[in-house]
Structures are given as structure tokens and as C-alpha cells.
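Below: the structure, in C-alpha cells.
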Amino acid sequence: MNGRFRVVLAFLTGVLLLASLRPGPLQAQEVPEHNLESFEPLDLPDPNEFRAGDGRPGNEYWQNAADYQIDVKLDTASNTLSGQQSITYTNRAPQDLDRLWVQLEQNYFRPDSRGARVVPSDARFSGFFEGAGYDISDVQLRRDGETIDPSFDVEGTRMLVELAEPLAANGGTLTLTLDWSFEIPKYGADRHGRLDVDEGTVYQLAQWYPRMYVYDDVNGWNPLPYLGQGEYYLEYGTFEVNITVPRSHIVAATGRLQNPEEVLTETQRERLDEARGSRETVHIITEEEAGTGATRPDGDGPVTWRYEAEKVRDFSWASSQAFIWDAADAEVEGQEVLAQSFYPQEGIGSDQNPGWEKSTEYVQHSVEFYSDTYAPYPYPNAINVAGIVGGMEYPQIMFCSYEARGRGLFGVTDHEFGHTWFPMVVGTDERRWVWMDEGLNTFMNQYSALAYYGDGNVPPRRALQNLSRVTASTMKSPMGDQPIMIYADHMRDQALGFLAYRKPANGLMLLREYVVGPERFDAAFTAFIDRWAYKHPKPADFFRTIEDVTGEDLDWFWRSWFYETDVVDHAVASVQTRADSSTTVTVKQNGDLMLPITAQMTFADGSTETRRVPAEAFFTQDTHDLTVAEGRTVERVVLDPQQILPDVNRQDNTWSASDADSDSGGTPAGDTSQR
């Protein structure tokens, strides 16, 4: 046998040996279609130099700025505002701008507006009336020492200003000036308005001045019209606002009061100093003093209140001769914060049902809780104002209903002050992604309420149970067929509370309490606030930050919970005892939202064992087997024993031996299990 033949023979022998060791044909495993869809990678926008893949702002992130100087006058005889204002706009984008877009939201209240065609006249976001809207005049542009009259066009709640010469990229600046006036709505879409009370009128002013639209790296200009349900997307800047009102009025506003000696009495200034060092509420104006001449400095004619605010995205204020005013210190590390409340006597409650006399205490709690838990409150004032508005948030000042009492007043106060973090500090786009302020805030509110009402050391199981119960019930109703990830104005008005508030909050609580755990989730949530403070995050930035910090791939959760209308439906598929006396409990995912399954087994000797099946177990199959060792007789199986999941069908979550034995078919309730 020559050498070449021996080599060939050895090679063939090896091939035959390998062939003999190769396993037989694999049986095809059919992966359920809905598993493939549920666990498919989420198609988020590609990272770039502006927004990084880990959820941070990119190295080249930019945003524009709008600084305002406004002189405004309140005419109480005609209920009108008139103003002169300048907007200094800075273009930090890497491209020139050949136009500006300005928001004119008072035009929403005209009977022929787009909003009036969308919102019923008796709905929450109504308030349409003849004579509404801005009267705009004297529009000018100043740049490089030159003033021109620009070409502009007003269409509904938007004003387009054409620039004859583009505004240069990377720092170009110009100033837009304009004069305006409008009649204040009696009821301004539950965001501002006027309330007549015994001692006068309470004016709550929002959406009252022309504001710049945002130009960003994702959409360019964002000139979405104001249609009532969608709220705000605004640039950050500095405000200098001079507010002229009748001498009898007290003004509360965003920012620091610059001329207290001119608008407050010596007694009021002394009481404010006392309040700054007091944990107990101090009255600046008492119930007996409200509406009397003793509350105002000597002199005749109107007075001007001068306010300045930095690093804010909006400015709101309230004015009335009827205000009771009290205040106290709020303890925030590194910042002096004065918690304050302004309310008419109609806001006072009773011993059994306290009202606005408790407001400042509620403000203290909210400011301190969110500061300690998430990030320090960044402003010098935290003001709550009672009036016609049910509940609305602005930088440093909140508007809540004068009729709110007890736990209801705490709830609305706590919710509105929670908005300080979303969207006042983290500047989300509320008109598109309403869940990024309402949902994130409602999530935080659950823990604040537990802390205030003495349940802070108790796991928040009950709050999660309540939210999950609402979610499961709503998902089975016609209101469950819209996803969270749609624009605010596209949501059915009846579904807004669910899609914008409760469902997102429920989802975040599930992530914290059930999926990734409090420690990792809290680190990720606070990282998101820190990364995007005073910036404009998008949904992908939130999702990526949570995944980056927790170290979890949560595409399956974001898709099912936010982008789709998938439901949770865990089930006990079967309980079978084998010949060797071991028992197999098979659990199943009947829904497309494949949360981990928790199974609690109770044995004949009374002992229990709880096992958790991770979401990953269902990548390629609907079921998973739990094997119980020989000699342990399973008497009962319960899925989600704490009932914290939004399971749409709990009838198949429980199996018991007694039910199986008594059933002629040998099956437990709702399935095909057999013991």
C-alpha cells in the first residue's frame, strides 16, 4: 500500500467516523408567531452625534434659546391683557434658519379655530367665545443694530415670520418685538381663566404671551397647532416680566420678585422673612386682612410687580385682591425654597374636610419628597394658587381648583408639583409625547402619596394593584385599542387619562417593582433626569437610558406596553404527576406582553414555594415547565400571588387539586390541567 493510498484511506475513514457521530435530523420546532413579534428588536432612531446610543445627549447636542422681556398690564374693567414684548432668539443649530415660528395660543379660543372644530364646547379643553384671540401690532425684527418690519402671516395659533436674511447657524441672534392684547377667557381650557369670588376676581394667567416654537435636531421646527388636549413644547431662557395691576391686587408669579419694597407692606415683608425660617405655616395675608386696604402700600393708582426668572421654559402668574397668602420653608439641599399658597376665602375647608389652609403643608411635602428621591428642586419659590383651573403646572407656580379638599387637594397639588421635574426641568415635548410628562409624573406620585400618608415603609403593592386592575379592565374595553405612543391630540378624550397618565405609570411601576427591581430602576430613572435636565429628550432617549443603566434589554416591554396594545394573560396550562411521583407544573403565556411569570405552589404538608420564570424563557415557546421533586404533592398553584400584574384573565391563574378531582373532565378552571 503506497503512501498516497494510505492518506486517502485515512481521510475517508475519518469522514465516515464523523458521519457516524453526527446526530440525526433535527425535529423542526415551530416558534409561535406572536413570540417572534413580541421579542423582535425595537426599531429606534439611529444614534448620531446629537443623541447617543446609550440614551445620553450626544457630544454635538445643541438646542436654541429664547429670552423674553415683557411689560404687561391687566385691565380688570374689561378683563383684558395688553403687552409689549421682545424675544431674543439664539440659533445654536448647525444650519441657518430662514423663518421663525411663534405660538399664538389665545387664538385657540376663537369660535372658528381648529381647536373649536375638534373639542366640544362643553368639554374640559373648551372656552371658546366671540372676541377671543390676539390683536397683534407693531411686529419688528432687530439685528446687528438694524430694525425692520418683517413679513409675517398668522394662521390660527401660529405665526410665521419670514427672514429676509437667514439667521446664522451656531450662535446667530436676533430680537423679535411685538405688541398685543386680548380678552382673558372666563374658562381657558382648564389651564387659565378668571374666577369671581366674594372679595373680587382671581385671575390665573397662562398661554398669555406669544412664545417661540422649538427648533430641534429631530423635527426641525415643531409648529404643531394648539388643539387643546396637547400641551407645550418650549425653549429655555431668561424672563424679565413687569406686571402692572390695580393697587388692590396681590400678584404671584414665576421667578423672584425684584421690587418687594414697592409692592408689599413692611409687615408683609417681615412675615415673609419669618416664613423663610419656619417649618410651620406663616400668614403673609390673613383671612381677615384679605381684600382690605391694609394689605397694600400707601399711594394711588396701579402698581407694577417686577419678576425675573432664569433657566425656565415658561412664565405664568396670578392676580387678585381676594388672596389669602401663607408660606413656610421647604427644606431642599443647596437651595432656599419658600413654599407658598394664594387662595380666596372660598378655598378654606373644615376640620373634617380641610381645604387650602393645608396647601402649603402639601407643597412642602411634594417639594421635599421629590428633591430627596429624584433631584433637588431648582427654584426659589414653590407657589400653589387656588382658582378656576382644576390642575395645571408652570415653572414655580401651580394652578389648582379652589374647590379641592382633603386628599383630593393633596393629590392635585402633589401631581402638579411633580411636574417640576417633568416637563419643567426635563423639557419633554408634551404635544407629541404626553406620557413623557404625565405618565412619568404619575409614576412618581404613587410613591409620594405613600410617603405622605404614612405608608412609606410599606412596599407599594396596593398602588400597583390598583393601577394594574385599571389597566386590565381598560384593555378589555374600547378604550384599550390605542397605544401610548401617539400624539396627545390623537387620543380619544375619554382615553387621555388612561393612555397619558395611568398606563405609563403602571408600566414604570411594573419595571421597578417586578421586572428589574427598585435599585437598578431608580438609578436609571434619576440618570435620565440628570442627563436631560434643561434639554429636550425624545422617547428613544428614555428607553435607551433605562436599558443602559439597568443593563437589561427591554425592547419586548417597550414594544408591547408603549407601541402596541398587547395584554398580559398568564395561565396554568397543566399540572401532571408522572410515574416517578414527580410533578410538572406547566405555565403559559396566552398574551403578547410576556412579563415574567411568578408561580406559588402550595404542597400537601402546608409548605409553599415560589418560582419565577423570566421573560427570556418564552423567546421560542409559549409554555414553560416547572418540575417538582418526587414526594412533594402539589395541592394548589397560583400565578401572580400578589395580584400586581394587569392580567386580563385571572380565571386561569389558579389550579387546585380539589377542583381538578371534582371536575369530571379532570381539568382546572379555564384550562386543560390534570393531576
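Chain labels A, B, ... are given in the sequence in which chains occur in the C-alpha cells; within each chain residues are numbered consecutively from 1, and ligands are likewise numbered from 1 in the order shown.
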Using only C-alpha atoms, what table do you get, as a tab-separated table, when you list each residue of region 96-116 of chain A with an atom no more than 7 Å from region 145-162 of chain A, its nearest pair of atoms, and their distance in Å rounded to one decimal, rows by chain then rising number?
```
residue	atom	partner	partner_atom	distance
A:Asp98	CA	A:Glu162	CA	6.6
A:Arg99	CA	A:Glu162	CA	4.6
A:Leu100	CA	A:Val161	CA	5.0
A:Trp101	CA	A:Leu160	CA	4.9
A:Val102	CA	A:Met159	CA	5.0
A:Gln103	CA	A:Arg158	CA	4.9
A:Leu104	CA	A:Thr157	CA	4.5
A:Glu105	CA	A:Thr157	CA	5.0
A:Asn107	CA	A:Thr157	CA	5.3
A:Tyr108	CA	A:Thr157	CA	6.0
A:Ser113	CA	A:Gly156	CA	6.2
```
inquiry  = Excluding region 256-260 of chain A and its own-chain neighbours fewer than 4 positions away, which residues fall within 8 Å of it when counting only C-alpha atoms? Please give them as a list in words.
reply    = Leu264, Arg269, Trp305, Arg306, Tyr307, Glu308, Ala309, Pro380 and Asn381 of chain A
inquiry  = Could you list, as an NGL selection string, every residue within 12 Å of Thr584 (chain A), counting only C-alpha atoms and ignoring same-chain residues fewer than 4 positions away?
reply    = :A and (572-580 or 601 or 623-630 or 632-634 or 637 or 673-675)
Given the selection you just returned, output its residues as a file containing N, CA and C atoms, formatted as a PDB file, in the first residue's frame.
```
ATOM      1  N   VAL A 572     -52.145  28.748  34.108  1.00  0.00           N
ATOM      2  CA  VAL A 572     -51.665  27.415  34.461  1.00  0.00           C
ATOM      3  C   VAL A 572     -52.154  26.482  33.361  1.00  0.00           C
ATOM      4  N   ALA A 573     -51.235  25.980  32.547  1.00  0.00           N
ATOM      5  CA  ALA A 573     -51.629  25.143  31.405  1.00  0.00           C
ATOM      6  C   ALA A 573     -51.945  23.709  31.832  1.00  0.00           C
ATOM      7  N   SER A 574     -51.127  23.162  32.756  1.00  0.00           N
ATOM      8  CA  SER A 574     -51.395  21.801  33.225  1.00  0.00           C
ATOM      9  C   SER A 574     -50.585  21.524  34.477  1.00  0.00           C
ATOM     10  N   VAL A 575     -51.053  20.542  35.255  1.00  0.00           N
ATOM     11  CA  VAL A 575     -50.322  20.020  36.412  1.00  0.00           C
ATOM     12  C   VAL A 575     -50.388  18.498  36.297  1.00  0.00           C
ATOM     13  N   GLN A 576     -49.247  17.871  36.072  1.00  0.00           N
ATOM     14  CA  GLN A 576     -49.223  16.437  35.792  1.00  0.00           C
ATOM     15  C   GLN A 576     -48.227  15.729  36.711  1.00  0.00           C
ATOM     16  N   THR A 577     -48.661  14.603  37.279  1.00  0.00           N
ATOM     17  CA  THR A 577     -47.802  13.769  38.122  1.00  0.00           C
ATOM     18  C   THR A 577     -47.369  12.546  37.324  1.00  0.00           C
ATOM     19  N   ARG A 578     -46.063  12.307  37.272  1.00  0.00           N
ATOM     20  CA  ARG A 578     -45.519  11.212  36.481  1.00  0.00           C
ATOM     21  C   ARG A 578     -45.438   9.929  37.306  1.00  0.00           C
ATOM     22  N   ALA A 579     -44.993   8.892  36.624  1.00  0.00           N
ATOM     23  CA  ALA A 579     -44.870   7.580  37.272  1.00  0.00           C
ATOM     24  C   ALA A 579     -43.846   7.598  38.394  1.00  0.00           C
ATOM     25  N   ASP A 580     -42.841   8.440  38.291  1.00  0.00           N
ATOM     26  CA  ASP A 580     -41.819   8.504  39.338  1.00  0.00           C
ATOM     27  C   ASP A 580     -42.235   9.409  40.492  1.00  0.00           C
ATOM     28  N   MET A 601     -46.522  27.645  44.617  1.00  0.00           N
ATOM     29  CA  MET A 601     -47.047  26.291  44.769  1.00  0.00           C
ATOM     30  C   MET A 601     -47.216  25.966  46.246  1.00  0.00           C
ATOM     31  N   THR A 623     -44.979  28.051  26.515  1.00  0.00           N
ATOM     32  CA  THR A 623     -45.100  27.366  27.797  1.00  0.00           C
ATOM     33  C   THR A 623     -43.734  27.148  28.425  1.00  0.00           C
ATOM     34  N   HIS A 624     -43.769  26.873  29.723  1.00  0.00           N
ATOM     35  CA  HIS A 624     -42.545  26.536  30.453  1.00  0.00           C
ATOM     36  C   HIS A 624     -42.908  25.571  31.574  1.00  0.00           C
ATOM     37  N   ASP A 625     -42.074  24.549  31.747  1.00  0.00           N
ATOM     38  CA  ASP A 625     -42.331  23.514  32.751  1.00  0.00           C
ATOM     39  C   ASP A 625     -41.569  23.793  34.037  1.00  0.00           C
ATOM     40  N   LEU A 626     -42.272  23.647  35.147  1.00  0.00           N
ATOM     41  CA  LEU A 626     -41.673  23.724  36.476  1.00  0.00           C
ATOM     42  C   LEU A 626     -41.777  22.325  37.087  1.00  0.00           C
ATOM     43  N   THR A 627     -40.653  21.717  37.378  1.00  0.00           N
ATOM     44  CA  THR A 627     -40.644  20.343  37.889  1.00  0.00           C
ATOM     45  C   THR A 627     -40.528  20.347  39.406  1.00  0.00           C
ATOM     46  N   VAL A 628     -41.415  19.605  40.046  1.00  0.00           N
ATOM     47  CA  VAL A 628     -41.422  19.463  41.499  1.00  0.00           C
ATOM     48  C   VAL A 628     -40.880  18.080  41.842  1.00  0.00           C
ATOM     49  N   ALA A 629     -39.965  18.033  42.776  1.00  0.00           N
ATOM     50  CA  ALA A 629     -39.281  16.777  43.100  1.00  0.00           C
ATOM     51  C   ALA A 629     -40.247  15.725  43.635  1.00  0.00           C
ATOM     52  N   GLU A 630     -39.833  14.478  43.495  1.00  0.00           N
ATOM     53  CA  GLU A 630     -40.610  13.334  43.975  1.00  0.00           C
ATOM     54  C   GLU A 630     -40.922  13.479  45.459  1.00  0.00           C
ATOM     55  N   ARG A 632     -43.286  15.381  46.844  1.00  0.00           N
ATOM     56  CA  ARG A 632     -43.975  16.621  47.226  1.00  0.00           C
ATOM     57  C   ARG A 632     -45.266  16.715  46.420  1.00  0.00           C
ATOM     58  N   THR A 633     -46.366  16.617  47.096  1.00  0.00           N
ATOM     59  CA  THR A 633     -47.668  16.620  46.441  1.00  0.00           C
ATOM     60  C   THR A 633     -48.177  18.057  46.310  1.00  0.00           C
ATOM     61  N   VAL A 634     -48.424  18.477  45.084  1.00  0.00           N
ATOM     62  CA  VAL A 634     -48.896  19.838  44.820  1.00  0.00           C
ATOM     63  C   VAL A 634     -50.403  19.888  45.026  1.00  0.00           C
ATOM     64  N   VAL A 637     -51.732  25.783  42.862  1.00  0.00           N
ATOM     65  CA  VAL A 637     -50.805  26.637  42.118  1.00  0.00           C
ATOM     66  C   VAL A 637     -51.497  27.976  41.866  1.00  0.00           C
ATOM     67  N   SER A 673     -55.454  21.395  32.580  1.00  0.00           N
ATOM     68  CA  SER A 673     -54.558  20.759  33.542  1.00  0.00           C
ATOM     69  C   SER A 673     -55.193  19.479  34.083  1.00  0.00           C
ATOM     70  N   GLN A 674     -54.342  18.546  34.467  1.00  0.00           N
ATOM     71  CA  GLN A 674     -54.846  17.333  35.121  1.00  0.00           C
ATOM     72  C   GLN A 674     -53.794  16.821  36.076  1.00  0.00           C
ATOM     73  N   ARG A 675     -54.266  16.374  37.229  1.00  0.00           N
ATOM     74  CA  ARG A 675     -53.336  15.873  38.242  1.00  0.00           C
ATOM     75  C   ARG A 675     -53.311  14.361  38.215  1.00  0.00           C
TER      76      ARG A 675
END
```
request  = May I have the residues within 8 Å of region 425-441 of chain A as a count of residues only, using only C-alpha atoms and disregarding those fewer than 2 positions away in the same chain?
outcome  = 41
